[in-house]
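A.B. asks: Structure file coords.tsv, TSV, C-alpha atoms, is pasted below:
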```tsv
chain	number	residue	atom	x	y	z
M	1	MET	CA	-10.69	-57.56	-27.33
M	2	SER	CA	-12.39	-60.47	-25.56
M	3	ASN	CA	-14.36	-59.97	-22.36
M	4	ARG	CA	-11.68	-61.87	-20.43
M	5	ASN	CA	-8.88	-59.65	-21.71
M	6	LEU	CA	-10.95	-56.55	-21.04
M	7	THR	CA	-11.55	-57.73	-17.48
M	8	ARG	CA	-7.83	-58.27	-16.98
M	9	VAL	CA	-7.03	-54.78	-18.24
M	10	LEU	CA	-9.68	-53.19	-16.02
M	11	HIS	CA	-8.42	-55.14	-13.03
M	12	ARG	CA	-4.90	-53.96	-13.69
M	13	ILE	CA	-5.71	-50.28	-14.06
M	14	GLY	CA	-8.54	-50.13	-11.49
M	15	ARG	CA	-11.28	-47.53	-11.27
M	16	ARG	CA	-8.84	-44.64	-11.32
M	17	GLY	CA	-7.08	-45.96	-14.40
M	18	ALA	CA	-10.37	-46.60	-16.21
M	19	SER	CA	-11.44	-43.04	-15.43
M	20	LEU	CA	-8.15	-41.70	-16.79
M	21	ALA	CA	-8.63	-43.77	-19.95
M	22	PHE	CA	-12.03	-42.18	-20.50
M	23	VAL	CA	-10.75	-38.68	-19.78
M	24	GLY	CA	-7.68	-39.21	-21.95
M	25	LEU	CA	-9.71	-40.26	-24.98
M	26	LEU	CA	-12.10	-37.36	-24.43
M	27	CYS	CA	-9.19	-34.92	-24.24
M	28	LEU	CA	-7.82	-36.20	-27.55
M	29	ALA	CA	-11.26	-35.85	-29.16
M	30	ILE	CA	-11.52	-32.26	-27.91
M	31	ALA	CA	-8.00	-31.56	-29.19
M	32	ALA	CA	-8.98	-32.82	-32.65
M	33	SER	CA	-12.11	-30.66	-32.69
M	34	LEU	CA	-10.04	-27.59	-31.80
M	35	ALA	CA	-7.28	-28.34	-34.28
M	36	PHE	CA	-9.59	-28.89	-37.25
M	37	PRO	CA	-12.82	-26.96	-36.61
M	38	PRO	CA	-15.27	-26.26	-39.46
M	39	ALA	CA	-15.52	-22.59	-40.43
M	40	GLU	CA	-18.97	-22.17	-38.89
M	41	GLN	CA	-17.82	-23.75	-35.63
M	42	ARG	CA	-14.76	-21.51	-35.48
M	43	ALA	CA	-17.09	-18.52	-35.56
M	44	SER	CA	-19.28	-19.80	-32.71
M	45	PRO	CA	-19.36	-17.77	-29.46
M	46	GLY	CA	-17.64	-20.51	-27.47
M	47	TYR	CA	-14.72	-20.83	-29.87
M	48	THR	CA	-14.48	-17.06	-30.14
M	49	ALA	CA	-14.18	-16.80	-26.36
M	50	LEU	CA	-11.43	-19.42	-26.33
M	51	ALA	CA	-9.55	-17.72	-29.18
M	52	ALA	CA	-9.61	-14.45	-27.23
M	53	ILE	CA	-7.53	-16.14	-24.51
M	54	ALA	CA	-5.17	-18.19	-26.69
M	55	PRO	CA	-5.04	-19.49	-30.27
M	56	LEU	CA	-7.18	-22.55	-30.86
M	57	GLY	CA	-4.03	-24.45	-31.80
M	58	ALA	CA	-2.62	-23.78	-28.34
M	59	TRP	CA	-5.81	-25.08	-26.73
M	60	ALA	CA	-5.63	-28.15	-28.95
M	61	LEU	CA	-2.04	-28.76	-27.89
M	62	ALA	CA	-2.99	-28.45	-24.21
M	63	TRP	CA	-5.83	-30.96	-24.58
M	64	CYS	CA	-3.62	-33.33	-26.58
M	65	ALA	CA	-0.84	-33.22	-23.97
M	66	THR	CA	-3.33	-33.78	-21.15
M	67	GLY	CA	-4.94	-36.69	-22.97
M	68	ALA	CA	-1.59	-38.34	-23.61
M	69	LEU	CA	-0.61	-37.87	-19.97
M	70	CYS	CA	-3.84	-39.51	-18.81
M	71	LEU	CA	-3.38	-42.47	-21.15
M	72	VAL	CA	0.18	-43.00	-19.92
M	73	GLN	CA	-0.46	-42.61	-16.20
M	74	MET	CA	-3.53	-44.86	-16.27
M	75	PHE	CA	-1.05	-47.75	-16.09
M	76	LEU	CA	1.23	-46.23	-13.46
M	77	ARG	CA	1.09	-46.37	-9.70
M	78	SER	CA	1.43	-42.58	-9.46
M	79	ASP	CA	-1.33	-40.84	-11.40
M	80	ARG	CA	-1.75	-37.57	-9.52
M	81	ILE	CA	-0.20	-35.39	-12.23
M	82	ALA	CA	-2.69	-36.66	-14.82
M	83	PHE	CA	-5.65	-36.05	-12.51
M	84	ALA	CA	-4.35	-32.59	-11.61
M	85	ALA	CA	-3.77	-31.63	-15.25
M	86	ALA	CA	-7.18	-32.86	-16.39
M	87	THR	CA	-8.96	-31.14	-13.51
M	88	ALA	CA	-7.13	-27.86	-14.06
M	89	LEU	CA	-7.82	-27.79	-17.80
M	90	LEU	CA	-11.50	-28.63	-17.37
M	91	LEU	CA	-11.95	-25.96	-14.72
M	92	LEU	CA	-10.09	-23.41	-16.85
M	93	TYR	CA	-12.32	-24.24	-19.79
M	94	GLY	CA	-15.39	-23.77	-17.62
M	95	LEU	CA	-14.13	-20.43	-16.33
M	96	VAL	CA	-13.54	-19.16	-19.87
M	97	TYR	CA	-17.12	-20.00	-20.80
M	98	LEU	CA	-18.41	-18.42	-17.60
M	99	ILE	CA	-16.47	-15.20	-18.14
M	100	SER	CA	-17.71	-14.99	-21.72
M	101	THR	CA	-21.26	-15.11	-20.38
M	102	PHE	CA	-20.72	-12.19	-18.02
M	103	ASN	CA	-18.97	-10.22	-20.78
M	104	GLY	CA	-21.99	-10.66	-23.02
M	105	ASP	CA	-19.94	-12.36	-25.73
M	106	ASN	CA	-21.61	-15.73	-25.21
M	107	PRO	CA	-25.08	-15.37	-23.64
M	108	ARG	CA	-25.52	-19.12	-23.23
M	109	GLY	CA	-21.95	-19.73	-22.18
M	110	TRP	CA	-23.13	-20.51	-18.66
M	111	VAL	CA	-24.50	-23.83	-19.95
M	112	GLY	CA	-21.09	-24.90	-21.20
M	113	ALA	CA	-19.50	-23.51	-18.05
M	114	ALA	CA	-21.76	-25.64	-15.87
M	115	VAL	CA	-20.88	-28.77	-17.86
M	116	TRP	CA	-17.12	-28.19	-17.84
M	117	LEU	CA	-16.98	-27.16	-14.18
M	118	ALA	CA	-19.09	-30.14	-13.11
M	119	PHE	CA	-16.88	-32.47	-15.15
M	120	GLY	CA	-13.77	-30.97	-13.57
M	121	GLY	CA	-15.26	-31.42	-10.12
M	122	TRP	CA	-16.06	-35.05	-10.93
M	123	ILE	CA	-12.47	-35.72	-11.98
M	124	ALA	CA	-11.20	-34.03	-8.81
M	125	LEU	CA	-13.49	-36.31	-6.78
M	126	ILE	CA	-12.21	-39.44	-8.53
M	127	ALA	CA	-8.66	-38.34	-7.72
M	128	THR	CA	-9.46	-38.82	-4.02
M	129	TRP	CA	-10.55	-42.45	-4.42
M	130	PRO	CA	-8.31	-44.95	-2.62
M	131	GLU	CA	-7.37	-47.72	-5.00
M	132	ALA	CA	-6.29	-51.11	-3.80
M	133	VAL	CA	-5.66	-52.20	-7.38
M	134	ALA	CA	-3.29	-49.30	-7.94
M	135	ALA	CA	-1.27	-50.31	-4.92
M	136	ASP	CA	-1.28	-53.91	-6.09
M	137	ARG	CA	0.58	-52.96	-9.28
M	138	ALA	CA	3.77	-52.67	-7.24
M	139	THR	CA	3.19	-55.45	-4.69
M	140	GLY	CA	3.72	-58.55	-6.77
M	141	GLY	CA	0.26	-60.03	-6.23
M	142	ALA	CA	0.16	-59.61	-2.44
M	143	ALA	CA	-3.04	-58.97	-0.53
M	144	VAL	CA	-3.73	-55.23	-0.39
M	145	VAL	CA	-6.18	-53.68	2.06
M	146	VAL	CA	-7.18	-50.00	2.23
M	147	ALA	CA	-8.80	-48.69	5.43
M	148	ASP	CA	-9.96	-45.32	6.72
M	149	ALA	CA	-8.99	-43.47	9.90
M	150	ASP	CA	-11.43	-45.54	11.96
M	151	GLY	CA	-9.92	-48.79	10.76
M	152	LEU	CA	-12.87	-49.67	8.51
M	153	ILE	CA	-12.04	-51.51	5.31
M	154	GLN	CA	-12.62	-49.36	2.22
M	155	SER	CA	-11.35	-51.69	-0.47
M	156	TRP	CA	-9.21	-54.74	-1.01
M	157	ASN	CA	-8.00	-56.78	-3.90
M	158	PRO	CA	-8.83	-60.37	-4.96
M	159	GLN	CA	-5.68	-61.70	-3.26
M	160	ALA	CA	-6.95	-60.37	0.07
M	161	ALA	CA	-10.32	-62.02	-0.51
M	162	LYS	CA	-8.62	-65.33	-1.28
M	163	LEU	CA	-6.24	-65.10	1.65
M	164	PHE	CA	-8.79	-64.23	4.34
M	165	GLY	CA	-11.95	-65.81	2.93
M	166	TRP	CA	-14.07	-62.65	2.85
M	167	SER	CA	-15.43	-61.39	-0.47
M	168	THR	CA	-15.03	-57.70	-1.27
M	169	GLU	CA	-18.73	-57.08	-0.68
M	170	GLU	CA	-18.53	-58.76	2.72
M	171	ALA	CA	-15.30	-57.10	3.83
M	172	VAL	CA	-15.85	-53.47	2.83
M	173	GLY	CA	-17.21	-51.50	5.77
M	174	ARG	CA	-16.07	-54.03	8.37
M	175	PRO	CA	-13.29	-53.25	10.86
M	176	LEU	CA	-9.77	-54.46	10.26
M	177	THR	CA	-10.06	-56.44	13.48
M	178	ILE	CA	-11.85	-59.21	11.56
M	179	LEU	CA	-8.42	-60.02	10.10
M	180	MET	CA	-6.66	-60.56	13.42
M	181	PRO	CA	-7.10	-62.81	16.47
M	182	PRO	CA	-8.97	-61.27	19.43
M	183	ARG	CA	-5.81	-61.20	21.57
M	184	LEU	CA	-4.17	-58.73	19.17
M	185	ARG	CA	-7.07	-56.39	18.59
M	186	HIS	CA	-6.44	-54.04	21.51
M	187	HIS	CA	-2.94	-53.32	20.17
M	188	HIS	CA	-4.48	-52.42	16.83
M	189	VAL	CA	-7.05	-50.09	18.41
M	190	GLU	CA	-4.37	-48.37	20.48
M	191	GLY	CA	-2.22	-47.92	17.38
M	192	LEU	CA	-5.04	-46.26	15.44
M	193	ALA	CA	-5.64	-43.89	18.34
M	194	ARG	CA	-1.96	-42.89	18.39
M	195	VAL	CA	-1.92	-42.19	14.66
M	196	ARG	CA	-5.02	-40.02	14.95
M	197	VAL	CA	-3.23	-37.94	17.59
M	198	THR	CA	0.26	-37.80	16.07
M	199	GLY	CA	-0.67	-37.94	12.38
M	200	SER	CA	2.01	-40.54	11.62
M	201	SER	CA	2.81	-44.18	12.28
M	202	LYS	CA	6.09	-45.52	13.63
M	203	LEU	CA	5.40	-48.77	11.80
M	204	ALA	CA	5.05	-47.16	8.36
M	205	GLY	CA	7.20	-48.89	5.76
M	206	ARG	CA	8.39	-51.64	8.10
M	207	ILE	CA	7.75	-55.35	7.53
M	208	ILE	CA	5.88	-56.58	10.60
M	209	PRO	CA	5.45	-60.29	11.38
M	210	LEU	CA	1.93	-60.89	12.67
M	211	VAL	CA	-0.80	-63.48	12.88
M	212	GLY	CA	-3.77	-63.26	10.54
M	213	LEU	CA	-7.26	-64.63	11.07
M	214	ARG	CA	-9.26	-66.24	8.28
M	215	ARG	CA	-13.02	-66.11	8.09
M	216	ASP	CA	-13.20	-69.76	9.16
M	217	GLY	CA	-11.37	-68.90	12.40
M	218	SER	CA	-8.02	-70.42	11.47
M	219	GLU	CA	-4.87	-68.44	12.19
M	220	PHE	CA	-1.79	-68.18	9.99
M	221	PRO	CA	1.47	-66.19	10.02
M	222	ILE	CA	1.69	-63.09	7.85
M	223	ALA	CA	4.10	-60.29	7.01
M	224	LEU	CA	2.45	-56.85	7.01
M	225	THR	CA	3.74	-53.63	5.50
M	226	VAL	CA	1.54	-50.66	6.36
M	227	ASN	CA	1.60	-47.05	5.22
M	228	ALA	CA	-0.48	-44.14	6.45
M	229	TRP	CA	-1.43	-41.35	4.07
M	230	HIS	CA	-3.70	-38.34	4.10
M	231	SER	CA	-6.87	-38.11	2.02
M	232	ASP	CA	-9.63	-35.51	1.96
M	233	ASP	CA	-11.45	-37.55	4.61
M	234	GLY	CA	-8.44	-37.75	6.93
M	235	ILE	CA	-5.83	-40.40	7.51
M	236	ALA	CA	-6.10	-43.62	5.51
M	237	TYR	CA	-4.06	-46.80	5.56
M	238	THR	CA	-2.80	-49.20	2.94
M	239	GLY	CA	-1.66	-52.60	4.16
M	240	VAL	CA	0.28	-55.06	2.01
M	241	ILE	CA	-0.02	-58.58	3.42
M	242	ARG	CA	1.90	-61.70	2.48
M	243	PRO	CA	1.47	-65.11	4.10
M	244	LEU	CA	4.48	-66.73	5.76
M	245	ARG	CA	5.15	-70.45	5.60
M	246	GLY	CA	1.73	-71.84	6.54
M	247	GLY	CA	-0.24	-69.10	4.76
M	248	ASP	CA	-1.68	-69.85	1.33
M	249	ALA	CA	-2.15	-67.06	-1.18
M	250	ASP	CA	-1.70	-69.09	-4.32
```
Starting from the coordinates I provided, produce the structure as structure tokens.
C.D. replies:
Amino acid sequence: MSNRNLTRVLHRIGRRGASLAFVGLLCLAIAASLAFPPAEQRASPGYTALAAIAPLGAWALAWCATGALCLVQMFLRSDRIAFAAATALLLLYGLVYLISTFNGDNPRGWVGAAVWLAFGGWIALIATWPEAVAADRATGGAAVVVADADGLIQSWNPQAAKLFGWSTEEAVGRPLTILMPPRLRHHHVEGLARVRVTGSSKLAGRIIPLVGLRRDGSEFPIALTVNAWHSDDGIAYTGVIRPLRGGDAD
């Protein structure tokens, strides 16, 4: 695969999808090692501890199913089931190793437990990442902006950068107010305050005609669809923006 094609694939699946691809391939490798272990490996303390819970074939099937799920959902907008399954299986694996240590069956099982539990925690952390690219899969190439509860930009896609004139590095961490004329900013601030109090937005899912502000100071008409959702850090927002008439996203 050429670098250009690889870049296109990575852009399509985003960071979350790339992480699921890695986890999915790892799960399949673990499944293969459990399904066809050498005799000496089958007798190792770790494998013995696993076999005491369920047959190695059952573990292999669980890893294979989880890997396949990750590789399928890496391309989908909804990937929570894959992240949940991978996290649960990794944590379960870690707990089995940890219990075998306390039982005395696997004196060094705590090492494996630490690795598996840390890996499971890492996957759980990735599952909380907002992903503008993931949202863009279903938006037909529109500008997609993700912001936190304070209205600070967390991520946005290349279409947003092209539409507003701010690169991703320049935009992330700045307030959403850089995208709107000064006369509209107080409405935006009041709206954020209401959502923080009520936990929901009356504008969620609606197409709202507004005026956008480019980096060069020029204004242009846009259509905004905004959704509020809850992350581990509180309320977050995803805005899908399309230019109207005078706007230029192409």
A.B. asks: What is the distance between atom CA of Leu61 of chain M and atom CA of Tyr97 of chain M, in Å to one decimal?
C.D. replies: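 Here the two named atoms are 18.8 Å from each other.
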A.B. asks: Quick one: distance from atom CA of Thr238 of chain M to atom CA of Val226 of chain M in Å, one decimal?
C.D. replies: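 Atom CA of Val226 of chain M lies 5.7 Å from atom CA of Thr238 of chain M.
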A.B. asks: Please identify all polymer residues within 12 Å of Ser19 of chain M, counting all atoms listed in the file, omitting same-chain residues fewer than 4 positions from it, and present them as a list in words.
C.D. replies: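 These residues fall inside the cut-off: Leu10, Ile13, Gly14, Arg15, Val23, Gly24, Leu25, Leu26, Gly67, Cys70, Leu71, Gln73, Met74, Phe75, Asp79, Ala82, Phe83, Ala86, Phe119, Trp122, Ile123, Ala124, Leu125, Ile126, Ala127 and Trp129 of chain M.
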A.B. asks: Quick one: of M:Gln41, M:Ser78, M:Ser100, M:Ser218, who's nearest to Leu179 of chain M, counting only C-alpha atoms?
C.D. replies: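 When distances to Leu179 of chain M are compared using only C-alpha atoms, the smallest one comes from M:Ser218.
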A.B. asks: Counting only C-alpha atoms, which of M:Leu91, M:Ile207, M:Ala142, M:Ala149 gets nearest to Gly191 of chain M?
C.D. replies: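 Closest to Gly191 of chain M of all the choices is M:Ala149.
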A.B. asks: Just how far from atom CA of Leu92 of chain M is atom CA of Leu117 of chain M, in Å to one decimal?
C.D. replies: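 Atom CA of Leu92 of chain M lies 8.3 Å from atom CA of Leu117 of chain M.
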A.B. asks: Can you tell me, as a CSV table (one decimal) with C-alpha atoms, keeping the file's coordinate frame, what residues are no more than 10 Å from Pro209 of chain M when counting all atoms listed in the file, ignoring any on the same chain fewer than 4 positions away?
C.D. replies:
```csv
chain,number,residue,atom,x,y,z
M,221,PRO,CA,1.5,-66.2,10.0
M,222,ILE,CA,1.7,-63.1,7.8
M,223,ALA,CA,4.1,-60.3,7.0
M,224,LEU,CA,2.4,-56.8,7.0
M,225,THR,CA,3.7,-53.6,5.5
M,241,ILE,CA,0.0,-58.6,3.4
M,242,ARG,CA,1.9,-61.7,2.5
M,243,PRO,CA,1.5,-65.1,4.1
M,244,LEU,CA,4.5,-66.7,5.8
```
A.B. asks: Determine the nearest neighbour of Ala31 of chain M from the options M:Cys64, M:Ile235, M:Leu184, M:Ala114, counting only C-alpha atoms.
C.D. replies: M:Cys64
A.B. asks: Near Trp59 of chain M, within 12 Å and counting only C-alpha atoms, which residues show up once chain neighbours fewer than 5 positions away are dropped, as a list in words?
C.D. replies: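 Close residues of Trp59 of chain M: Cys27, Leu28, Ile30, Ala31, Ala32, Ser33, Leu34, Ala35, Phe36, Tyr47, Ala49, Leu50, Ala51, Ala52, Ile53, Ala54, Cys64, Ala65, Thr66, Leu89, Leu90, Leu92, Tyr93 and Val96 of chain M.
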A.B. asks: Counting only C-alpha atoms, which residue out of M:Leu69, M:Gly151, M:Ala62, M:Leu95 sits closest to Glu190 of chain M?
C.D. replies: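 Ranking M:Leu69, M:Gly151, M:Ala62, M:Leu95 by distance to Glu190 of chain M, first place goes to M:Gly151.
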A.B. asks: Ranking M:Gly205, M:Gly109, M:Pro37, M:Gly173 by minimum distance to Val146 of chain M and counting only C-alpha atoms, which one comes first?
C.D. replies: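 Ranked by minimum distance to Val146 of chain M, first place goes to M:Gly173.
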